[in-house]
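To start, the structure under review is shown below, and the notes come after it.
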Amino acid sequence: MEAQTVSGVKSQHTGNTFHVHSASEGLLCLNSEQKWKQCEDYKVKFTCTGQFCSECRTRWFDHDDPTGNGDYEVLTDLLNIYPREICPHPIAIEVESISGEPASNTSDTLLSYDATYGFACVNADQGSRSCEDYRVRFTCPEEFCQVSEQCRTQWMSGDNPSEEGDVESLVQLLKTFPGQVCRNPISIEAKTASGISATQTGDTYLSYDVAFGFACINEKQRDKQCEDYQVILTCPSDFCQGKFSCR
């Protein structure tokens with residue numbers, strides 16, 4: 001762990017006495033233990049194991065809305081809803097509002113924010129207002145992605161947003177691309193025809209999961225128009241054998 005003041009002075013040069021200053025616990029400076037009765041304002045940086053810096057990340061998931069008790073994006077629930085899209089033992093979790101604001105930048109009081117449990121924000125803890133609507137994504141061990149990437153389809157687009165919207169359902173893709181799509185995908189990824197990830201377009205999705213596929217409805221969008229999307233599916237490795245090249 002490294003610590004320095006918000007102005008950039010290293011902690012060992014400030015003259016402060018630290019109650020705690022370690023990688024295992026973090027930093028704790030108590031005003032009552034200082035000669036001048038005032039700690040500096042500090043920021044910290046951690047060096048993590050190589051596995052933590054894994055580039056194996058899931059897509060963003062937004063299962064719950066902050067109606068009722070609050071917004072709960074719990075790992076056990078997400079594993080049941082999105083089977084095989086999330087590793088059972090994530091290394092890390094990221095949380096942001098659906099508008100893209102990191103959870104740490106909001107004024108919400110958070111009940112839980114960890115990779116073991118997931119994320120929880122309780123409306124009752126926010127005073128007179130409700131929690132923001134949040135989404136989460138997980139960092140997984142590299143092995144999770146290595147297995148998942150063994151067998152992927154081509155990018156496919158069987159619909160366009162000219163009428164109700166853009167619907168790339170698994171049922172329709174199986175008919176449009178016979179023999180090229182597995183019936184039990186492990187994961188799905190969507191991007192626009194121009195290559196922009198679906199999570200970066202600002203569109204609201206009706207569906208984005210392996211059970212149904214992808215669906216964007218024009219009427220649900222602020223400008224009443226979905227982007228034109230294409231999807232790629234990750235299949236069990238035995239689907240690739242003898243059918244097409246595993247990627």
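Following the order of the structure tokens, first chain is A, next is B, and so on, with residues numbered from 1 inside each chain and ligands from 1 in the order they appear.
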DSSP helix (DSSP H, G or I) selection over stretch 42-220 of chain A, as a VMD selection string | chain A and resid 50 to 53 75 to 81 103 to 105 123 to 126 142 to 148 170 to 176 198 to 200 218 to 220
Would you save the residues of that selection, restricted to C-alpha atoms, as a compact mmCIF listing (two decimals), in the first residue's frame?
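To be explicit, this is the file written out as result34.txt:
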```txt
# COMPACT_ATOMS: atom_id res chain seq x y z
CA GLY A 50 -1.56 -10.57 -10.69
CA GLN A 51 -4.86 -12.46 -10.63
CA PHE A 52 -6.73 -9.35 -9.44
CA CYS A 53 -5.66 -7.54 -12.62
CA LEU A 75 -24.26 -12.77 -6.80
CA THR A 76 -26.36 -15.87 -5.98
CA ASP A 77 -29.38 -14.39 -7.76
CA LEU A 78 -27.33 -13.37 -10.80
CA LEU A 79 -25.78 -16.85 -11.05
CA ASN A 80 -29.28 -18.34 -11.22
CA ILE A 81 -30.61 -15.81 -13.73
CA ALA A 103 -21.44 3.93 -7.09
CA SER A 104 -18.72 5.53 -4.98
CA ASN A 105 -19.54 8.91 -6.56
CA ASN A 123 -34.06 2.63 0.28
CA ALA A 124 -34.69 3.01 4.02
CA ASP A 125 -31.02 4.00 4.50
CA GLN A 126 -31.27 6.94 2.09
CA GLU A 142 -8.54 -15.92 -16.30
CA GLU A 143 -9.46 -19.60 -16.53
CA PHE A 144 -13.17 -18.67 -16.65
CA CYS A 145 -12.68 -16.70 -19.86
CA GLN A 146 -10.27 -19.20 -21.37
CA VAL A 147 -12.92 -21.89 -21.15
CA SER A 148 -15.69 -19.59 -22.36
CA LEU A 170 -32.15 -17.25 -29.87
CA VAL A 171 -35.18 -18.91 -31.46
CA GLN A 172 -34.96 -16.70 -34.53
CA LEU A 173 -31.18 -17.01 -34.83
CA LEU A 174 -31.48 -20.81 -34.80
CA LYS A 175 -33.82 -20.54 -37.81
CA THR A 176 -31.86 -17.85 -39.66
CA ALA A 198 -24.36 -2.43 -26.42
CA THR A 199 -23.51 -1.27 -22.90
CA GLN A 200 -22.12 1.99 -24.32
CA ASN A 218 -37.94 1.50 -30.08
CA GLU A 219 -40.71 2.80 -27.81
CA LYS A 220 -38.51 2.27 -24.74
```
Test item, strand (DSSP E) assignment across stretch 12-191 of chain A, answer as a VMD selection string | chain A and resid 20 to 22 26 to 28 42 to 45 70 to 74 92 to 97 112 to 114 118 to 122 134 to 139 165 to 169 187 to 191
Write a file of the just-selected residues containing N, CA and C atoms, as a CSV table (one decimal), in the first residue's frame.
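Final output, again23.csv:
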```csv
chain,number,residue,atom,x,y,z
A,20,VAL,N,-2.8,3.0,12.1
A,20,VAL,CA,-2.7,1.8,11.2
A,20,VAL,C,-2.1,2.3,9.8
A,21,HIS,N,-1.2,1.6,9.3
A,21,HIS,CA,-0.6,1.9,8.0
A,21,HIS,C,0.0,0.6,7.4
A,22,SER,N,-0.9,-0.2,6.8
A,22,SER,CA,-0.5,-1.5,6.3
A,22,SER,C,-1.4,-1.9,5.2
A,26,GLY,N,-5.1,-1.1,5.8
A,26,GLY,CA,-5.3,0.2,5.2
A,26,GLY,C,-4.6,1.3,6.0
A,27,LEU,N,-5.2,2.5,6.0
A,27,LEU,CA,-4.6,3.6,6.7
A,27,LEU,C,-5.6,4.2,7.7
A,28,LEU,N,-5.1,4.5,8.9
A,28,LEU,CA,-5.9,5.1,9.9
A,28,LEU,C,-5.0,6.1,10.7
A,42,TYR,N,-5.7,12.1,3.4
A,42,TYR,CA,-4.9,11.1,2.7
A,42,TYR,C,-5.7,10.4,1.6
A,43,LYS,N,-4.9,9.9,0.6
A,43,LYS,CA,-5.4,8.9,-0.4
A,43,LYS,C,-4.5,7.8,-0.4
A,44,VAL,N,-5.0,6.6,-0.8
A,44,VAL,CA,-4.1,5.4,-0.7
A,44,VAL,C,-4.2,4.6,-2.1
A,45,LYS,N,-3.2,3.9,-2.3
A,45,LYS,CA,-3.1,3.0,-3.6
A,45,LYS,C,-2.6,1.7,-3.2
A,70,GLY,N,-35.3,-1.6,-2.2
A,70,GLY,CA,-34.0,-1.0,-2.7
A,70,GLY,C,-33.5,-1.7,-4.0
A,71,ASP,N,-32.2,-1.6,-4.3
A,71,ASP,CA,-31.7,-2.2,-5.4
A,71,ASP,C,-30.7,-3.3,-5.0
A,72,TYR,N,-31.0,-4.5,-5.3
A,72,TYR,CA,-30.2,-5.7,-4.9
A,72,TYR,C,-29.6,-6.4,-6.2
A,73,GLU,N,-28.3,-6.4,-6.3
A,73,GLU,CA,-27.7,-7.1,-7.4
A,73,GLU,C,-26.8,-8.2,-6.7
A,74,VAL,N,-27.4,-9.3,-6.3
A,74,VAL,CA,-26.8,-10.3,-5.4
A,74,VAL,C,-26.2,-11.4,-6.3
A,92,ALA,N,-13.4,-9.6,-8.2
A,92,ALA,CA,-13.7,-8.2,-7.9
A,92,ALA,C,-15.1,-7.9,-8.5
A,93,ILE,N,-15.7,-6.8,-8.0
A,93,ILE,CA,-17.0,-6.4,-8.5
A,93,ILE,C,-16.9,-4.9,-8.8
A,94,GLU,N,-17.5,-4.4,-9.8
A,94,GLU,CA,-17.7,-3.0,-10.1
A,94,GLU,C,-19.1,-2.6,-10.1
A,95,VAL,N,-19.5,-1.5,-9.6
A,95,VAL,CA,-20.9,-1.0,-9.6
A,95,VAL,C,-21.0,0.4,-10.1
A,96,GLU,N,-22.0,0.6,-10.9
A,96,GLU,CA,-22.3,2.0,-11.4
A,96,GLU,C,-23.7,2.1,-11.6
A,97,SER,N,-24.2,3.4,-11.6
A,97,SER,CA,-25.6,3.6,-11.9
A,97,SER,C,-25.9,3.3,-13.4
A,112,SER,N,-24.0,-3.2,0.9
A,112,SER,CA,-23.0,-4.2,0.5
A,112,SER,C,-22.4,-3.9,-0.8
A,113,TYR,N,-21.1,-4.1,-0.9
A,113,TYR,CA,-20.4,-3.8,-2.2
A,113,TYR,C,-19.1,-4.7,-2.1
A,114,ASP,N,-19.3,-6.0,-2.4
A,114,ASP,CA,-18.2,-6.9,-2.4
A,114,ASP,C,-18.4,-8.0,-3.4
A,118,GLY,N,-22.1,-9.5,-3.5
A,118,GLY,CA,-22.7,-8.7,-4.6
A,118,GLY,C,-22.9,-7.3,-4.1
A,119,PHE,N,-24.0,-6.6,-4.6
A,119,PHE,CA,-24.3,-5.2,-4.2
A,119,PHE,C,-25.7,-5.1,-3.7
A,120,ALA,N,-25.8,-4.2,-2.7
A,120,ALA,CA,-27.1,-3.9,-2.1
A,120,ALA,C,-27.2,-2.5,-1.6
A,121,CYS,N,-28.3,-1.8,-2.0
A,121,CYS,CA,-28.6,-0.5,-1.6
A,121,CYS,C,-30.0,-0.5,-1.1
A,122,VAL,N,-30.2,-0.1,0.2
A,122,VAL,CA,-31.5,-0.1,0.8
A,122,VAL,C,-32.2,1.2,0.9
A,134,TYR,N,-28.8,0.6,-10.1
A,134,TYR,CA,-27.4,0.2,-10.3
A,134,TYR,C,-27.3,-1.0,-11.2
A,135,ARG,N,-26.1,-1.1,-11.8
A,135,ARG,CA,-25.7,-2.3,-12.5
A,135,ARG,C,-24.3,-2.8,-12.0
A,136,VAL,N,-24.0,-4.0,-12.2
A,136,VAL,CA,-22.8,-4.6,-11.7
A,136,VAL,C,-22.1,-5.4,-12.8
A,137,ARG,N,-20.8,-5.5,-12.7
A,137,ARG,CA,-20.0,-6.5,-13.5
A,137,ARG,C,-18.9,-7.0,-12.6
A,138,PHE,N,-18.5,-8.2,-13.0
A,138,PHE,CA,-17.5,-9.0,-12.2
A,138,PHE,C,-16.2,-9.2,-12.9
A,139,THR,N,-15.1,-9.2,-12.2
A,139,THR,CA,-13.8,-9.7,-12.7
A,139,THR,C,-13.7,-11.1,-12.2
A,165,GLY,N,-38.4,-2.6,-33.2
A,165,GLY,CA,-37.1,-2.5,-32.6
A,165,GLY,C,-36.2,-3.5,-33.2
A,166,ASP,N,-35.1,-3.8,-32.5
A,166,ASP,CA,-34.1,-4.8,-33.0
A,166,ASP,C,-34.2,-6.0,-32.0
A,167,VAL,N,-34.7,-7.2,-32.5
A,167,VAL,CA,-34.8,-8.4,-31.7
A,167,VAL,C,-33.9,-9.5,-32.3
A,168,GLU,N,-32.9,-9.9,-31.5
A,168,GLU,CA,-32.0,-11.0,-32.0
A,168,GLU,C,-32.2,-12.1,-31.0
A,169,SER,N,-33.4,-12.8,-31.1
A,169,SER,CA,-33.8,-13.8,-30.2
A,169,SER,C,-33.1,-15.1,-30.6
A,187,SER,N,-22.9,-17.8,-23.0
A,187,SER,CA,-23.0,-16.3,-22.9
A,187,SER,C,-23.3,-15.6,-24.2
A,188,ILE,N,-23.7,-14.4,-24.1
A,188,ILE,CA,-24.1,-13.6,-25.3
A,188,ILE,C,-23.4,-12.2,-25.2
A,189,GLU,N,-23.0,-11.7,-26.3
A,189,GLU,CA,-22.5,-10.3,-26.3
A,189,GLU,C,-23.1,-9.6,-27.5
A,190,ALA,N,-23.5,-8.3,-27.3
A,190,ALA,CA,-24.1,-7.6,-28.3
A,190,ALA,C,-23.4,-6.3,-28.6
A,191,LYS,N,-23.3,-5.9,-29.9
A,191,LYS,CA,-22.7,-4.6,-30.3
A,191,LYS,C,-23.5,-4.1,-31.5
```
Using only C-alpha atoms, determine which residues lie at most 12 Å from A:Gln225, disregarding the query and same-chain residues fewer than 3 positions distant; provide the list as a list of chain:residue names.
->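 Listing them by chain and then by number gives A:Asn160, A:Pro161, A:Ser162, A:Glu163, A:Glu164, A:Gly165, A:Asp166, A:Thr201, A:Gly202, A:Asp203, A:Thr204, A:Tyr205, A:Cys216, A:Ile217, A:Asn218, A:Glu219, A:Lys220, A:Gln221, A:Arg222, A:Asp228, A:Tyr229.
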Any chance you could export the current selection's N, CA, C and O atoms as a CSV table (one decimal), in the first residue's frame?
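Result saved to again.csv:
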```csv
chain,number,residue,atom,x,y,z
A,160,ASN,N,-33.4,-5.9,-37.9
A,160,ASN,CA,-33.0,-4.5,-37.8
A,160,ASN,C,-34.1,-3.6,-37.1
A,160,ASN,O,-35.3,-4.1,-37.0
A,161,PRO,N,-33.8,-2.4,-36.7
A,161,PRO,CA,-34.7,-1.7,-35.8
A,161,PRO,C,-35.7,-0.9,-36.6
A,161,PRO,O,-36.2,0.2,-36.2
A,162,SER,N,-36.1,-1.3,-37.8
A,162,SER,CA,-37.0,-0.5,-38.7
A,162,SER,C,-38.4,-0.4,-38.2
A,162,SER,O,-39.1,0.6,-38.4
A,163,GLU,N,-38.9,-1.5,-37.5
A,163,GLU,CA,-40.3,-1.5,-37.1
A,163,GLU,C,-40.4,-1.3,-35.5
A,163,GLU,O,-40.2,-0.2,-35.0
A,164,GLU,N,-40.7,-2.4,-34.8
A,164,GLU,CA,-40.8,-2.2,-33.3
A,164,GLU,C,-39.5,-2.1,-32.6
A,164,GLU,O,-39.4,-1.5,-31.6
A,165,GLY,N,-38.4,-2.6,-33.2
A,165,GLY,CA,-37.1,-2.5,-32.6
A,165,GLY,C,-36.2,-3.5,-33.2
A,165,GLY,O,-36.4,-4.1,-34.3
A,166,ASP,N,-35.1,-3.8,-32.5
A,166,ASP,CA,-34.1,-4.8,-33.0
A,166,ASP,C,-34.2,-6.0,-32.0
A,166,ASP,O,-33.8,-5.9,-30.8
A,201,THR,N,-24.2,2.3,-25.6
A,201,THR,CA,-25.0,3.0,-26.5
A,201,THR,C,-26.1,3.9,-25.8
A,201,THR,O,-26.6,4.9,-26.4
A,202,GLY,N,-26.4,3.6,-24.6
A,202,GLY,CA,-27.4,4.3,-23.9
A,202,GLY,C,-28.8,3.8,-24.1
A,202,GLY,O,-29.8,4.3,-23.5
A,203,ASP,N,-28.9,2.8,-25.0
A,203,ASP,CA,-30.3,2.2,-25.2
A,203,ASP,C,-30.7,1.4,-24.0
A,203,ASP,O,-29.9,0.8,-23.2
A,204,THR,N,-32.0,1.3,-23.8
A,204,THR,CA,-32.6,0.5,-22.7
A,204,THR,C,-33.0,-0.9,-23.3
A,204,THR,O,-33.7,-0.9,-24.4
A,205,TYR,N,-32.6,-2.0,-22.8
A,205,TYR,CA,-32.9,-3.3,-23.4
A,205,TYR,C,-34.1,-4.0,-22.7
A,205,TYR,O,-34.3,-3.9,-21.5
A,216,CYS,N,-34.2,-5.0,-28.2
A,216,CYS,CA,-34.3,-3.5,-27.9
A,216,CYS,C,-35.6,-3.0,-28.6
A,216,CYS,O,-35.7,-3.2,-29.8
A,217,ILE,N,-36.4,-2.4,-27.8
A,217,ILE,CA,-37.7,-1.9,-28.4
A,217,ILE,C,-37.7,-0.4,-28.5
A,217,ILE,O,-37.3,0.4,-27.6
A,218,ASN,N,-38.0,0.1,-29.8
A,218,ASN,CA,-37.9,1.5,-30.1
A,218,ASN,C,-38.7,2.4,-29.1
A,218,ASN,O,-38.2,3.4,-28.7
A,219,GLU,N,-39.9,2.0,-28.7
A,219,GLU,CA,-40.7,2.8,-27.8
A,219,GLU,C,-40.1,3.0,-26.4
A,219,GLU,O,-40.5,3.9,-25.7
A,220,LYS,N,-39.1,2.2,-26.0
A,220,LYS,CA,-38.5,2.3,-24.7
A,220,LYS,C,-37.3,3.3,-24.7
A,220,LYS,O,-36.8,3.6,-23.7
A,221,GLN,N,-37.0,3.8,-25.9
A,221,GLN,CA,-35.8,4.7,-26.0
A,221,GLN,C,-36.3,6.1,-26.0
A,221,GLN,O,-37.3,6.5,-26.4
A,222,ARG,N,-35.4,7.0,-25.5
A,222,ARG,CA,-35.7,8.4,-25.5
A,222,ARG,C,-36.0,9.0,-26.8
A,222,ARG,O,-36.9,9.8,-27.0
A,228,ASP,N,-28.9,-0.5,-34.5
A,228,ASP,CA,-28.9,-1.8,-35.2
A,228,ASP,C,-27.9,-2.7,-34.6
A,228,ASP,O,-26.7,-2.4,-34.7
A,229,TYR,N,-28.3,-3.8,-34.0
A,229,TYR,CA,-27.4,-4.6,-33.2
A,229,TYR,C,-27.0,-5.9,-33.9
A,229,TYR,O,-27.8,-6.4,-34.8
```
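Residues in contact range of A:Thr49, defined as at most 12 Å between only C-alpha atoms, with sequence neighbours fewer than 4 positions away removed, read Cys53, Ser54, Ile91 and Pro141 of chain A.
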Selection near A:Pro236, 8 Å with only C-alpha atoms, sequence-local residues under 4 positions removed, as number ranges by chain = A: 148, 151, 184-186, 240
Would you save the residues from that selection as a CSV table (one decimal), in the first residue's frame, using N, CA, C and O atoms?
```csv
chain,number,residue,atom,x,y,z
A,148,SER,N,-14.5,-20.2,-21.7
A,148,SER,CA,-15.7,-19.6,-22.4
A,148,SER,C,-15.4,-19.2,-23.8
A,148,SER,O,-16.2,-19.2,-24.7
A,151,CYS,N,-15.2,-21.6,-27.9
A,151,CYS,CA,-16.2,-21.9,-28.9
A,151,CYS,C,-17.2,-20.8,-29.1
A,151,CYS,O,-18.1,-20.6,-28.3
A,184,ASN,N,-28.0,-24.1,-26.4
A,184,ASN,CA,-27.7,-23.8,-25.0
A,184,ASN,C,-26.5,-23.0,-24.8
A,184,ASN,O,-25.5,-23.4,-24.3
A,185,PRO,N,-26.5,-21.7,-25.3
A,185,PRO,CA,-25.3,-20.8,-25.2
A,185,PRO,C,-24.9,-20.6,-23.8
A,185,PRO,O,-25.7,-20.6,-22.8
A,186,ILE,N,-23.6,-20.4,-23.6
A,186,ILE,CA,-23.0,-20.1,-22.3
A,186,ILE,C,-23.1,-18.6,-22.0
A,186,ILE,O,-23.4,-18.1,-20.9
A,240,CYS,N,-18.4,-26.8,-31.1
A,240,CYS,CA,-17.5,-26.4,-32.2
A,240,CYS,C,-16.9,-27.6,-32.9
A,240,CYS,O,-16.5,-27.5,-34.1
```
When you draw a straight line from atom CA of A:Ala23 to atom CA of A:Met1, how long is it in Å?
-> 4.9 Å
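Each of A:Met156, A:Cys140, A:Gln180, A:Asp133 was compared to A:Pro90 using only C-alpha atoms, and A:Cys140 turns out to be the nearest.
Between A:Leu111 and the residues A:Gln4, A:Asn69, A:Thr234, A:Ser99, the shortest atom-to-atom distance, using only C-alpha atoms, involves A:Asn69.
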Please provide the set of residues having any atom within 9 Å of A:Gln154, restricted to only C-alpha atoms, with same-chain residues fewer than 4 positions apart removed, written as a list in words.
-> Gln180, Val181, Val231, Ile232 and Leu233 of chain A
